[in-house]
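Student: Provided below: work.cif, containing mmCIF, N, CA and C atoms.
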data_structure
loop_
_atom_site.label_atom_id
_atom_site.label_comp_id
_atom_site.auth_asym_id
_atom_site.auth_seq_id
_atom_site.Cartn_x
_atom_site.Cartn_y
_atom_site.Cartn_z
N MET M 1 32.59 -17.85 14.86
CA MET M 1 31.21 -17.76 14.45
C MET M 1 30.34 -17.68 15.68
N HIS M 2 29.37 -16.84 15.63
CA HIS M 2 28.39 -16.78 16.70
C HIS M 2 27.03 -16.97 16.07
N ALA M 3 26.44 -18.10 16.28
CA ALA M 3 25.14 -18.40 15.69
C ALA M 3 24.05 -18.01 16.66
N ALA M 4 23.06 -17.36 16.15
CA ALA M 4 21.92 -16.98 16.98
C ALA M 4 20.90 -18.12 16.95
N LEU M 5 20.37 -18.43 18.08
CA LEU M 5 19.37 -19.47 18.18
C LEU M 5 18.23 -18.95 19.02
N ASP M 6 17.08 -18.80 18.39
CA ASP M 6 15.90 -18.35 19.12
C ASP M 6 15.17 -19.57 19.65
N VAL M 7 14.99 -19.62 20.92
CA VAL M 7 14.30 -20.73 21.54
C VAL M 7 13.00 -20.21 22.11
N PHE M 8 11.94 -20.88 21.80
CA PHE M 8 10.64 -20.48 22.26
C PHE M 8 10.06 -21.58 23.12
N GLN M 9 9.14 -21.20 23.99
CA GLN M 9 8.50 -22.22 24.81
C GLN M 9 7.41 -22.88 24.00
N HIS M 10 7.51 -24.13 23.87
CA HIS M 10 6.59 -24.95 23.11
C HIS M 10 6.37 -26.21 23.92
N HIS M 11 5.41 -27.02 23.59
CA HIS M 11 5.16 -28.20 24.41
C HIS M 11 6.32 -29.20 24.41
N ASN M 12 7.22 -29.13 23.43
CA ASN M 12 8.36 -30.04 23.40
C ASN M 12 9.67 -29.40 23.81
N CYS M 13 9.78 -28.10 23.69
CA CYS M 13 11.04 -27.41 23.96
C CYS M 13 10.84 -26.44 25.11
N ILE M 14 11.63 -26.59 26.15
CA ILE M 14 11.46 -25.79 27.34
C ILE M 14 12.37 -24.56 27.34
N VAL M 15 13.66 -24.77 27.22
CA VAL M 15 14.59 -23.65 27.38
C VAL M 15 15.95 -23.97 26.75
N HIS M 16 16.59 -22.93 26.28
CA HIS M 16 17.96 -23.02 25.76
C HIS M 16 18.89 -22.82 26.95
N LEU M 17 19.68 -23.85 27.28
CA LEU M 17 20.47 -23.82 28.50
C LEU M 17 21.88 -23.25 28.34
N LYS M 18 22.54 -23.56 27.23
CA LYS M 18 23.95 -23.24 27.14
C LYS M 18 24.36 -23.10 25.69
N GLU M 19 25.35 -22.25 25.44
CA GLU M 19 25.90 -22.10 24.10
C GLU M 19 27.41 -21.99 24.19
N CYS M 20 28.09 -22.62 23.26
CA CYS M 20 29.53 -22.40 23.15
C CYS M 20 29.93 -22.50 21.69
N ASP M 21 30.92 -21.72 21.31
CA ASP M 21 31.40 -21.70 19.94
C ASP M 21 32.68 -22.52 19.83
N SER M 22 32.82 -23.19 18.71
CA SER M 22 34.04 -23.92 18.43
C SER M 22 35.19 -22.94 18.28
N THR M 23 36.35 -23.34 18.73
CA THR M 23 37.53 -22.50 18.56
C THR M 23 38.27 -22.82 17.27
N SER M 24 37.86 -23.89 16.57
CA SER M 24 38.60 -24.30 15.38
C SER M 24 37.73 -24.47 14.13
N ALA M 25 36.44 -24.16 14.22
CA ALA M 25 35.55 -24.34 13.07
C ALA M 25 34.39 -23.35 13.16
N GLU M 26 33.70 -23.16 12.05
CA GLU M 26 32.49 -22.34 12.05
C GLU M 26 31.34 -23.22 12.55
N ARG M 27 31.35 -23.44 13.85
CA ARG M 27 30.39 -24.35 14.47
C ARG M 27 30.05 -23.82 15.86
N SER M 28 28.78 -23.88 16.19
CA SER M 28 28.38 -23.54 17.56
C SER M 28 27.59 -24.70 18.13
N TRP M 29 27.63 -24.81 19.44
CA TRP M 29 26.96 -25.90 20.16
C TRP M 29 25.97 -25.29 21.14
N HIS M 30 24.81 -25.92 21.23
CA HIS M 30 23.74 -25.43 22.11
C HIS M 30 23.15 -26.62 22.85
N ILE M 31 22.87 -26.45 24.12
CA ILE M 31 22.15 -27.47 24.86
C ILE M 31 20.75 -26.93 25.07
N VAL M 32 19.78 -27.68 24.56
CA VAL M 32 18.39 -27.27 24.62
C VAL M 32 17.63 -28.34 25.41
N LEU M 33 16.85 -27.90 26.37
CA LEU M 33 16.09 -28.83 27.20
C LEU M 33 14.74 -29.12 26.56
N PHE M 34 14.51 -30.37 26.21
CA PHE M 34 13.24 -30.83 25.65
C PHE M 34 12.55 -31.70 26.69
N ASN M 35 11.34 -32.12 26.40
CA ASN M 35 10.61 -32.96 27.35
C ASN M 35 11.29 -34.31 27.56
N ILE M 36 12.13 -34.75 26.64
CA ILE M 36 12.84 -36.02 26.82
C ILE M 36 14.18 -35.84 27.51
N GLY M 37 14.60 -34.59 27.73
CA GLY M 37 15.87 -34.30 28.38
C GLY M 37 16.70 -33.35 27.54
N PRO M 38 17.91 -33.07 27.96
CA PRO M 38 18.76 -32.13 27.22
C PRO M 38 19.27 -32.73 25.91
N ILE M 39 19.19 -31.94 24.85
CA ILE M 39 19.67 -32.33 23.53
C ILE M 39 20.80 -31.38 23.15
N LEU M 40 21.89 -31.93 22.63
CA LEU M 40 23.00 -31.12 22.14
C LEU M 40 22.73 -30.82 20.67
N LEU M 41 22.69 -29.55 20.33
CA LEU M 41 22.44 -29.10 18.97
C LEU M 41 23.70 -28.44 18.43
N GLY M 42 24.22 -28.97 17.33
CA GLY M 42 25.39 -28.39 16.68
C GLY M 42 24.99 -27.72 15.38
N LEU M 43 25.39 -26.47 15.20
CA LEU M 43 25.14 -25.73 13.96
C LEU M 43 26.49 -25.50 13.29
N TRP M 44 26.62 -25.90 12.01
CA TRP M 44 27.94 -25.99 11.42
C TRP M 44 27.96 -25.61 9.95
N TYR M 45 28.91 -24.74 9.60
CA TYR M 45 29.26 -24.50 8.20
C TYR M 45 30.71 -24.94 8.02
N ARG M 46 30.94 -25.90 7.14
CA ARG M 46 32.29 -26.39 6.88
C ARG M 46 32.70 -25.97 5.48
N HIS M 47 33.82 -25.27 5.41
CA HIS M 47 34.37 -24.88 4.11
C HIS M 47 34.76 -26.12 3.32
N LYS M 48 34.55 -26.07 2.03
CA LYS M 48 34.90 -27.18 1.15
C LYS M 48 36.38 -27.52 1.29
N ASN M 49 36.69 -28.80 1.34
CA ASN M 49 38.07 -29.33 1.41
C ASN M 49 38.79 -29.03 2.72
N ASP M 50 38.09 -28.63 3.74
CA ASP M 50 38.72 -28.37 5.04
C ASP M 50 38.46 -29.57 5.93
N VAL M 51 39.46 -30.42 6.14
CA VAL M 51 39.30 -31.67 6.88
C VAL M 51 39.38 -31.47 8.39
N ASP M 52 40.18 -30.53 8.86
CA ASP M 52 40.37 -30.36 10.30
C ASP M 52 39.07 -30.15 11.08
N PRO M 53 38.10 -29.38 10.57
CA PRO M 53 36.87 -29.25 11.35
C PRO M 53 36.16 -30.57 11.64
N ILE M 54 36.38 -31.58 10.83
CA ILE M 54 35.79 -32.89 11.11
C ILE M 54 36.50 -33.54 12.29
N GLU M 55 37.80 -33.38 12.36
CA GLU M 55 38.56 -33.89 13.51
C GLU M 55 38.15 -33.14 14.78
N SER M 56 38.00 -31.84 14.70
CA SER M 56 37.61 -31.07 15.89
C SER M 56 36.16 -31.35 16.28
N LEU M 57 35.33 -31.70 15.30
CA LEU M 57 33.94 -32.08 15.60
C LEU M 57 33.93 -33.23 16.60
N GLU M 58 34.74 -34.24 16.34
CA GLU M 58 34.77 -35.40 17.23
C GLU M 58 35.23 -35.02 18.63
N ARG M 59 36.30 -34.24 18.71
CA ARG M 59 36.80 -33.82 20.03
C ARG M 59 35.75 -33.02 20.79
N GLU M 60 35.14 -32.05 20.13
CA GLU M 60 34.13 -31.22 20.79
C GLU M 60 32.92 -32.05 21.20
N TRP M 61 32.45 -32.90 20.29
CA TRP M 61 31.26 -33.70 20.59
C TRP M 61 31.51 -34.62 21.79
N LEU M 62 32.67 -35.26 21.83
CA LEU M 62 32.97 -36.13 22.96
C LEU M 62 32.98 -35.35 24.27
N LEU M 63 33.45 -34.15 24.26
CA LEU M 63 33.50 -33.30 25.46
C LEU M 63 32.11 -32.83 25.88
N LEU M 64 31.27 -32.46 24.92
CA LEU M 64 29.99 -31.83 25.23
C LEU M 64 28.82 -32.80 25.37
N SER M 65 28.95 -34.01 24.87
CA SER M 65 27.79 -34.91 24.80
C SER M 65 27.60 -35.80 26.01
N ALA M 66 28.44 -35.68 27.00
CA ALA M 66 28.39 -36.62 28.14
C ALA M 66 27.07 -36.57 28.91
N ASN M 67 26.46 -35.41 29.02
CA ASN M 67 25.28 -35.28 29.87
C ASN M 67 24.01 -34.93 29.10
N VAL M 68 23.92 -35.40 27.86
CA VAL M 68 22.72 -35.15 27.07
C VAL M 68 22.11 -36.48 26.63
N VAL M 69 20.84 -36.46 26.25
CA VAL M 69 20.18 -37.69 25.81
C VAL M 69 20.45 -37.97 24.33
N GLY M 70 20.91 -36.98 23.60
CA GLY M 70 21.20 -37.17 22.19
C GLY M 70 21.72 -35.90 21.56
N THR M 71 22.08 -36.01 20.30
CA THR M 71 22.68 -34.91 19.56
C THR M 71 22.05 -34.79 18.18
N ILE M 72 21.88 -33.54 17.75
CA ILE M 72 21.49 -33.23 16.38
C ILE M 72 22.51 -32.23 15.85
N ILE M 73 23.12 -32.53 14.71
CA ILE M 73 24.08 -31.63 14.08
C ILE M 73 23.54 -31.28 12.71
N VAL M 74 23.37 -29.99 12.44
CA VAL M 74 22.81 -29.53 11.16
C VAL M 74 23.74 -28.52 10.53
N GLY M 75 23.71 -28.46 9.20
CA GLY M 75 24.47 -27.43 8.53
C GLY M 75 24.92 -27.79 7.14
N ASN M 76 25.61 -26.84 6.54
CA ASN M 76 26.20 -27.01 5.23
C ASN M 76 27.60 -27.58 5.45
N MET M 77 27.73 -28.87 5.27
CA MET M 77 28.97 -29.56 5.63
C MET M 77 29.89 -29.80 4.44
N ASN M 78 29.38 -29.53 3.23
CA ASN M 78 30.21 -29.63 2.02
C ASN M 78 30.99 -30.94 1.93
N VAL M 79 30.31 -32.05 2.13
CA VAL M 79 30.94 -33.36 2.00
C VAL M 79 30.14 -34.20 1.01
N HIS M 80 30.80 -35.17 0.43
CA HIS M 80 30.15 -36.12 -0.47
C HIS M 80 30.48 -37.53 -0.01
N HIS M 81 29.44 -38.36 0.04
CA HIS M 81 29.65 -39.77 0.33
C HIS M 81 28.63 -40.58 -0.45
N GLU M 82 29.09 -41.66 -1.04
CA GLU M 82 28.23 -42.48 -1.90
C GLU M 82 27.01 -43.04 -1.18
N HIS M 83 27.07 -43.18 0.14
CA HIS M 83 25.93 -43.73 0.88
C HIS M 83 24.90 -42.66 1.26
N TRP M 84 25.24 -41.40 1.05
CA TRP M 84 24.30 -40.32 1.34
C TRP M 84 23.71 -39.82 0.03
N LEU M 85 22.45 -40.06 -0.14
CA LEU M 85 21.71 -39.79 -1.35
C LEU M 85 22.31 -40.65 -2.45
N SER M 86 22.62 -40.07 -3.58
CA SER M 86 23.20 -40.87 -4.67
C SER M 86 24.45 -40.17 -5.19
N SER M 87 25.27 -39.73 -4.28
CA SER M 87 26.49 -39.05 -4.67
C SER M 87 27.35 -39.99 -5.51
N SER M 88 27.87 -39.46 -6.60
CA SER M 88 28.70 -40.28 -7.47
C SER M 88 30.15 -40.34 -7.00
N GLU M 89 30.46 -39.60 -5.97
CA GLU M 89 31.82 -39.58 -5.45
C GLU M 89 31.83 -39.62 -3.93
N THR M 90 32.95 -39.99 -3.39
CA THR M 90 33.17 -39.92 -1.95
C THR M 90 34.44 -39.12 -1.74
N SER M 91 34.29 -37.97 -1.11
CA SER M 91 35.45 -37.12 -0.83
C SER M 91 36.14 -37.60 0.45
N ALA M 92 37.38 -37.16 0.64
CA ALA M 92 38.11 -37.52 1.86
C ALA M 92 37.35 -37.03 3.09
N SER M 93 36.80 -35.83 3.02
CA SER M 93 36.03 -35.30 4.15
C SER M 93 34.73 -36.07 4.33
N GLY M 94 34.12 -36.50 3.23
CA GLY M 94 32.91 -37.31 3.32
C GLY M 94 33.19 -38.65 3.97
N LYS M 95 34.32 -39.24 3.62
CA LYS M 95 34.72 -40.51 4.22
C LYS M 95 34.94 -40.36 5.72
N ARG M 96 35.59 -39.27 6.12
CA ARG M 96 35.88 -39.03 7.54
C ARG M 96 34.60 -38.78 8.33
N LEU M 97 33.69 -37.97 7.78
CA LEU M 97 32.44 -37.69 8.48
C LEU M 97 31.57 -38.93 8.55
N PHE M 98 31.53 -39.71 7.48
CA PHE M 98 30.77 -40.95 7.48
C PHE M 98 31.31 -41.90 8.54
N SER M 99 32.63 -41.96 8.66
CA SER M 99 33.27 -42.81 9.67
C SER M 99 32.88 -42.36 11.08
N PHE M 100 32.89 -41.04 11.32
CA PHE M 100 32.45 -40.50 12.62
C PHE M 100 31.02 -40.95 12.91
N CYS M 101 30.14 -40.80 11.92
CA CYS M 101 28.72 -41.16 12.11
C CYS M 101 28.57 -42.64 12.41
N LYS M 102 29.27 -43.46 11.68
CA LYS M 102 29.18 -44.92 11.89
C LYS M 102 29.72 -45.31 13.26
N GLN M 103 30.84 -44.71 13.65
CA GLN M 103 31.46 -45.05 14.94
C GLN M 103 30.58 -44.68 16.12
N TYR M 104 29.87 -43.54 16.03
CA TYR M 104 29.10 -43.05 17.18
C TYR M 104 27.59 -43.19 17.01
N GLY M 105 27.14 -43.90 16.01
CA GLY M 105 25.71 -44.19 15.86
C GLY M 105 24.86 -43.06 15.34
N PHE M 106 25.44 -42.18 14.53
CA PHE M 106 24.67 -41.09 13.93
C PHE M 106 24.08 -41.55 12.61
N THR M 107 22.89 -41.05 12.30
CA THR M 107 22.29 -41.27 10.99
C THR M 107 22.18 -39.93 10.29
N GLN M 108 22.20 -39.97 8.96
CA GLN M 108 22.04 -38.80 8.13
C GLN M 108 20.59 -38.79 7.68
N ASN M 109 19.86 -37.69 7.93
CA ASN M 109 18.41 -37.69 7.78
C ASN M 109 17.86 -36.91 6.60
N VAL M 110 18.69 -36.29 5.78
CA VAL M 110 18.22 -35.58 4.59
C VAL M 110 18.06 -36.60 3.48
N ARG M 111 16.93 -36.56 2.80
CA ARG M 111 16.62 -37.59 1.80
C ARG M 111 16.54 -37.07 0.37
N SER M 112 16.80 -35.79 0.15
CA SER M 112 16.76 -35.25 -1.21
C SER M 112 17.86 -34.21 -1.37
N PRO M 113 18.24 -33.90 -2.62
CA PRO M 113 19.33 -32.95 -2.86
C PRO M 113 19.05 -31.59 -2.22
N THR M 114 20.10 -30.95 -1.76
CA THR M 114 19.98 -29.62 -1.17
C THR M 114 20.75 -28.58 -1.98
N HIS M 115 21.30 -29.00 -3.11
CA HIS M 115 22.07 -28.11 -3.98
C HIS M 115 21.51 -28.20 -5.39
N GLN M 116 21.57 -27.11 -6.11
CA GLN M 116 21.01 -27.07 -7.46
C GLN M 116 21.65 -28.08 -8.42
N ASP M 117 22.87 -28.52 -8.15
CA ASP M 117 23.53 -29.52 -8.98
C ASP M 117 23.11 -30.95 -8.65
N GLY M 118 22.18 -31.10 -7.71
CA GLY M 118 21.70 -32.42 -7.33
C GLY M 118 22.47 -33.07 -6.21
N ASN M 119 23.42 -32.35 -5.64
CA ASN M 119 24.20 -32.89 -4.52
C ASN M 119 23.52 -32.62 -3.20
N MET M 120 23.94 -33.35 -2.20
CA MET M 120 23.43 -33.15 -0.85
C MET M 120 24.58 -32.63 0.01
N LEU M 121 24.60 -31.33 0.20
CA LEU M 121 25.66 -30.70 0.98
C LEU M 121 25.20 -30.34 2.37
N ASP M 122 23.91 -30.10 2.52
CA ASP M 122 23.33 -29.76 3.83
C ASP M 122 22.83 -31.04 4.48
N LEU M 123 23.34 -31.31 5.66
CA LEU M 123 23.02 -32.57 6.32
C LEU M 123 22.35 -32.33 7.67
N VAL M 124 21.61 -33.32 8.12
CA VAL M 124 21.06 -33.37 9.47
C VAL M 124 21.51 -34.71 10.04
N LEU M 125 22.45 -34.66 10.97
CA LEU M 125 22.99 -35.87 11.60
C LEU M 125 22.42 -35.99 13.00
N SER M 126 22.04 -37.19 13.39
CA SER M 126 21.48 -37.37 14.72
C SER M 126 21.77 -38.75 15.25
N ASP M 127 21.97 -38.82 16.57
CA ASP M 127 22.12 -40.11 17.22
C ASP M 127 20.86 -40.44 18.04
N LEU M 128 19.79 -39.69 17.82
CA LEU M 128 18.51 -39.97 18.48
C LEU M 128 17.74 -41.02 17.68
N ASN M 129 17.12 -41.94 18.36
CA ASN M 129 16.33 -42.97 17.67
C ASN M 129 14.92 -42.50 17.43
#
Show the structure stored in the file as structure tokens.
Tutor:
Amino acid sequence: MHAALDVFQHHNCIVHLKECDSTSAERSWHIVLFNIGPILLGLWYRHKNDVDPIESLEREWLLLSANVVGTIIVGNMNVHHEHWLSSSETSASGKRLFSFCKQYGFTQNVRSPTHQDGNMLDLVLSDLN
């Protein structure tokens, strides 16, 4: 996957520094320089029931996040977890992603359903306070 990211000069965002694509998932990573420092931005589409991209997410994030002030990961992640919105189920992939977030201090920031069935499949994960 090659995700296009248009970066404009704004009072908070200075420049898009770097881009790399995941070799194992439909995910791209971008380092964007903001006034608070470099932020790692992950753009991700995860196919339903595909657990491996969650494992590769952790490996990639650990490699790329060493020199940034924080991370934002956005996308259609196709996971369900009872603690995110009011999902009535927790999928194996939802459990794994929730565990990643808890272990590394990420919060899920979407507060309303993003799917017509009332589910929340599109997430915004961040470790920024």
Student: I want to know what sits within 7 Å of M:Ala92, based on only N, CA and C atoms, with residues of the same chain fewer than 3 positions away left out; could you give that as a compact mmCIF listing (two decimals) with N, CA and C atoms, in the coordinates of the input?
Tutor:
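Ended up saving to result_11.txt:
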# COMPACT_ATOMS: atom_id res chain seq x y z
N VAL M 51 39.46 -30.42 6.14
CA VAL M 51 39.30 -31.67 6.88
C VAL M 51 39.38 -31.47 8.39
N HIS M 80 30.80 -35.17 0.43
CA HIS M 80 30.15 -36.12 -0.47
C HIS M 80 30.48 -37.53 -0.01
N LYS M 95 34.32 -39.24 3.62
CA LYS M 95 34.72 -40.51 4.22
C LYS M 95 34.94 -40.36 5.72
N ARG M 96 35.59 -39.27 6.12
CA ARG M 96 35.88 -39.03 7.54
C ARG M 96 34.60 -38.78 8.33
N LEU M 97 33.69 -37.97 7.78
CA LEU M 97 32.44 -37.69 8.48
C LEU M 97 31.57 -38.93 8.55
Student: Figure out the distance between atom CA of M:His83 and atom CA of M:Pro38, please, to one decimal in Å.
Tutor: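 For atom CA of M:Pro38 relative to atom CA of M:His83, the distance reads 29.7 Å.
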Student: Leaving out stretch 39-45 of chain M and any residue of its chain fewer than 5 positions from it, which residues lie within 8 Å of it when counting only N, CA and C atoms, given as a list in words?
Tutor: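 Contacts, with the query itself left out: Ala3, Ala25, Glu26, Arg27, Ser28, Trp29, His30, Ile31, Val32, Leu33, Phe34, Leu64, Ser65, Asn67, Val68, Val69, Gly70, Thr71, Ile72, Ile73, Val74, Gly75, Asn76, Met77 and Asn78 of chain M.
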Student: Between M:Asp50, M:Glu82, M:Glu58, M:Asp127, single out the one closest to M:Phe106, counting only N, CA and C atoms.
Tutor: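 For M:Phe106, the nearest of the given residues is M:Asp127.
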Student: In stretch 36-92 of chain M, what's strand (DSSP E) per DSSP? Answer as a count of residues only?
Tutor: 16
Student: Between atom CA of M:Ser24 and atom CA of M:Pro53, what is the spacing in Å?
Tutor: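 Distance reported for this atom pair: 6.6 Å.
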Student: Just give me the gap between atom CA of M:Arg59 and atom C of M:Ser88 in Å, one decimal is fine.
Tutor: 28.6 Å
Student: Just list as a ChimeraX atom specification whatever in stretch 20-79 of chain M DSSP marks as helix (DSSP H, G or I).
Tutor: /M:52-64
